Amino acid sequence: MKGDRIGQDFYNNTDYFDHKTKHLKDLSSSFQKYRISKILEIYNPGKSERILDLGCGWGTFCWALSHRVQSIVGLDFSQKSIEICKQKFAGSGLKNISFLCANACNTNLEPESFDLIIAADLMEHLYYKDSKLVISEAFRLLKRGGHLSIWTPHRGHILEILRAHNIILKRDLSHVDYKSMESIKNTLIYEGFLIKKAYYVESHLPIIKYLEKITLAWIPLFRRRIAVLAQKP
């Protein structure tokens, strides 16, 4: 890390991918089932679509979507993430998945080469200027009519407020800049996207999720996640 900035060194040289990550490594965990189902609610890709998963982490969406799509590329700027994914998928027999270590701000991939780009639990890990670059790069990489799916925590949720102050929950150092619904939509529109969906989502926690679902429309404290679907015209 340079100064206090969280960068590649943090993800490559700390226990970020290993400490208390059982629920992330296990695709059958309630949390991962929740994430996958909610991402598919934002946009459910078809068999002919080429997908790019930005900030692929442990390869969750590559695994979950591989049987649904033509091909999927998992991209992460952490070499450790890519190594974990390659080891996980070795011997799986899945031929339509590949992994790339690159910066999502400037991937060097061919323009207009994807039908869907997923940015799930990525925006909160990006500094504001970088998030704008990532959205601009996504626009460049998408085919006309292609979609960008964004899923990120809502900083106004009660759990995120407690976490930010190290009350009950410990602050996540990797969450460097929570984006608001308004800032995400404004950046997308500025970069040329059309907003197709934009809504708040309840959490996966038992009992609490039902209370959140019926109140999140008018109580910001119960808005657990932000979901946005944008389209390149």
# chains A, B, ... in the order shown; residues from 1 in each chain; ligands from 1
>>> closest_atom_pairs(of="region 25-73 of chain A", to="region 88-101 of chain A", cutoff="8 Å", atoms="only C-alpha atoms", output="CSV")
residue,atom,partner,partner_atom,distance
A:Cys62,CA,A:Ile97,CA,6.8
A:Ser66,CA,A:Asn96,CA,6.8
A:Gln70,CA,A:Asn96,CA,6.7
A:Ser71,CA,A:Asn96,CA,4.6
A:Ile72,CA,A:Ile97,CA,5.1
A:Val73,CA,A:Ser98,CA,4.9
>>> residues_around(residues="Leu24 (chain A)", least_positions_apart="3", cutoff="12 Å", atoms="only C-alpha atoms", output="PyMOL selection string")
chain A and resi 16-21+27-36+56-61+121
>>> closest_residue(among="A:His147, A:His125, A:His23, A:Lys170", to="Lys232 (chain A)", atoms="only C-alpha atoms")
A:His147
>>> closest_atom_pairs(of="region 47-151 of chain A", to="region 6-15 of chain A", cutoff="8 Å", atoms="only C-alpha atoms", output="Markdown table")
| residue | atom | partner | partner_atom | distance |
| --- | --- | --- | --- | --- |
| A:Phe77 | CA | A:Gln8 | CA | 6.6 |
| A:Ser78 | CA | A:Gln8 | CA | 5.8 |
| A:Gln79 | CA | A:Asn12 | CA | 6.5 |
| A:Lys80 | CA | A:Asn12 | CA | 5.3 |
| A:Ser81 | CA | A:Asn12 | CA | 7.8 |
>>> write_last_selection(atoms="N, CA and C atoms", output="PDB file, in the first residue's frame")
ATOM      1  N   PHE A  77      -7.711  -7.436 -10.121  1.00  0.00           N
ATOM      2  CA  PHE A  77      -6.360  -6.872 -10.144  1.00  0.00           C
ATOM      3  C   PHE A  77      -5.463  -7.495  -9.080  1.00  0.00           C
ATOM      4  N   SER A  78      -6.031  -8.434  -8.316  1.00  0.00           N
ATOM      5  CA  SER A  78      -5.235  -9.189  -7.352  1.00  0.00           C
ATOM      6  C   SER A  78      -4.768 -10.499  -7.966  1.00  0.00           C
ATOM      7  N   GLN A  79      -3.460 -10.683  -8.029  1.00  0.00           N
ATOM      8  CA  GLN A  79      -2.914 -11.929  -8.556  1.00  0.00           C
ATOM      9  C   GLN A  79      -3.315 -13.102  -7.671  1.00  0.00           C
ATOM     10  N   LYS A  80      -3.455 -12.842  -6.376  1.00  0.00           N
ATOM     11  CA  LYS A  80      -3.858 -13.896  -5.444  1.00  0.00           C
ATOM     12  C   LYS A  80      -5.261 -14.388  -5.773  1.00  0.00           C
ATOM     13  N   SER A  81      -6.153 -13.471  -6.102  1.00  0.00           N
ATOM     14  CA  SER A  81      -7.511 -13.848  -6.495  1.00  0.00           C
ATOM     15  C   SER A  81      -7.484 -14.748  -7.722  1.00  0.00           C
TER      16      SER A  81
END
>>> select_by_dssp(residues="region 5-181 of chain A", states="helix (DSSP H, G or I)", output="ChimeraX atom specification")
/A:8-13,22-25,30-42,60-65,79-89,123-125,128-141,158-164,181
>>> write_last_selection(atoms="C-alpha atoms", output="short mmCIF file (atom, residue, chain, number, x, y, z; two decimals), in the first residue's frame")
data_model
loop_
_atom_site.label_atom_id
_atom_site.label_comp_id
_atom_site.auth_asym_id
_atom_site.auth_seq_id
_atom_site.Cartn_x
_atom_site.Cartn_y
_atom_site.Cartn_z
CA GLN A 8 -3.07 -4.44 -4.94
CA ASP A 9 -0.56 -5.03 -2.14
CA PHE A 10 -3.39 -5.21 0.38
CA TYR A 11 -5.23 -7.96 -1.50
CA ASN A 12 -2.09 -9.85 -2.49
CA ASN A 13 -0.15 -9.73 0.76
CA LYS A 22 -15.74 -19.64 4.58
CA HIS A 23 -19.15 -18.19 3.61
CA LEU A 24 -17.57 -16.72 0.46
CA LYS A 25 -15.67 -19.82 -0.61
CA SER A 30 -26.83 -18.95 2.49
CA PHE A 31 -24.90 -15.77 1.74
CA GLN A 32 -23.63 -16.95 -1.64
CA LYS A 33 -27.01 -18.35 -2.63
CA TYR A 34 -28.46 -14.95 -1.76
CA ARG A 35 -25.85 -13.06 -3.82
CA ILE A 36 -26.27 -15.29 -6.85
CA SER A 37 -30.07 -15.14 -6.82
CA LYS A 38 -30.09 -11.36 -6.45
CA ILE A 39 -27.58 -10.86 -9.27
CA LEU A 40 -29.79 -13.00 -11.52
CA GLU A 41 -32.79 -10.87 -10.54
CA ILE A 42 -30.94 -7.79 -11.78
CA THR A 60 -18.43 -17.04 -7.48
CA PHE A 61 -20.24 -15.79 -10.57
CA CYS A 62 -17.96 -17.59 -12.99
CA TRP A 63 -18.98 -20.84 -11.35
CA ALA A 64 -22.65 -19.95 -10.97
CA LEU A 65 -23.17 -18.63 -14.51
CA GLN A 79 -2.91 -11.93 -8.56
CA LYS A 80 -3.86 -13.90 -5.44
CA SER A 81 -7.51 -13.85 -6.49
CA ILE A 82 -6.67 -15.13 -9.95
CA GLU A 83 -4.50 -17.91 -8.53
CA ILE A 84 -7.30 -18.97 -6.18
CA CYS A 85 -9.79 -19.04 -9.07
CA LYS A 86 -7.51 -21.02 -11.36
CA GLN A 87 -6.86 -23.59 -8.65
CA LYS A 88 -10.56 -23.83 -7.88
CA PHE A 89 -11.54 -24.43 -11.49
CA MET A 123 -17.83 -0.43 -6.10
CA GLU A 124 -17.24 -0.19 -2.35
CA HIS A 125 -13.65 -1.33 -2.93
CA TYR A 128 -14.35 7.53 -6.28
CA LYS A 129 -12.12 8.47 -9.24
CA ASP A 130 -11.40 4.81 -9.95
CA SER A 131 -15.09 3.92 -9.91
CA LYS A 132 -15.71 6.49 -12.64
CA LEU A 133 -12.89 4.98 -14.71
CA VAL A 134 -14.30 1.47 -14.23
CA ILE A 135 -17.75 2.54 -15.43
CA SER A 136 -16.19 4.27 -18.42
CA GLU A 137 -14.20 1.14 -19.21
CA ALA A 138 -17.33 -1.00 -18.90
CA PHE A 139 -19.06 1.22 -21.45
CA ARG A 140 -16.12 0.74 -23.85
CA LEU A 141 -16.15 -3.04 -23.40
CA ILE A 158 -27.93 0.16 10.14
CA LEU A 159 -25.26 -2.58 9.96
CA GLU A 160 -22.98 -0.44 7.79
CA ILE A 161 -23.38 2.50 10.16
CA LEU A 162 -22.40 0.31 13.13
CA ARG A 163 -19.52 -1.18 11.16
CA ALA A 164 -18.18 2.24 10.20
CA MET A 181 -27.68 5.26 -5.42
#
>>> closest_residue(among="A:Lys197, A:Lys179, A:Arg171, A:Arg68", to="Leu126 (chain A)", atoms="only C-alpha atoms")
A:Lys179
>>> residues_around(residues="Ser180 (chain A)", least_positions_apart="2", cutoff="9 Å", atoms="only C-alpha atoms", output="compact mmCIF listing (two decimals) with N, CA and C atoms, in the first residue's frame")
# COMPACT_ATOMS: atom_id res chain seq x y z
N HIS A 154 -25.30 -0.61 0.77
CA HIS A 154 -25.82 0.73 1.00
C HIS A 154 -25.28 1.23 2.33
N ARG A 155 -24.51 2.30 2.30
CA ARG A 155 -23.84 2.78 3.51
C ARG A 155 -24.81 3.27 4.58
N GLY A 156 -26.05 3.56 4.20
CA GLY A 156 -27.03 4.04 5.14
C GLY A 156 -27.74 2.95 5.93
N TYR A 178 -18.07 3.95 -0.07
CA TYR A 178 -19.42 3.51 -0.39
C TYR A 178 -20.07 4.50 -1.35
N GLU A 182 -27.66 7.64 -5.88
CA GLU A 182 -27.63 8.83 -6.73
C GLU A 182 -26.30 8.97 -7.46
N SER A 183 -25.19 8.75 -6.76
CA SER A 183 -23.88 8.91 -7.40
C SER A 183 -23.64 7.86 -8.47
N ILE A 184 -24.10 6.63 -8.22
CA ILE A 184 -23.95 5.57 -9.22
C ILE A 184 -24.74 5.91 -10.47
N LYS A 185 -25.99 6.30 -10.30
CA LYS A 185 -26.84 6.63 -11.45
C LYS A 185 -26.29 7.83 -12.22
N ILE A 226 -27.68 -1.91 -2.82
CA ILE A 226 -28.08 -1.13 -4.00
C ILE A 226 -27.93 -2.03 -5.22
>>> atom_distance(atom1="CA of Ile207 (chain A)", atom2="CA of Asn166 (chain A)")
23.8 Å
>>> closest_residue(among="A:Gly146, A:Pro206, A:Gly192, A:Pro233", to="Pro45 (chain A)", atoms="only C-alpha atoms")
A:Gly146
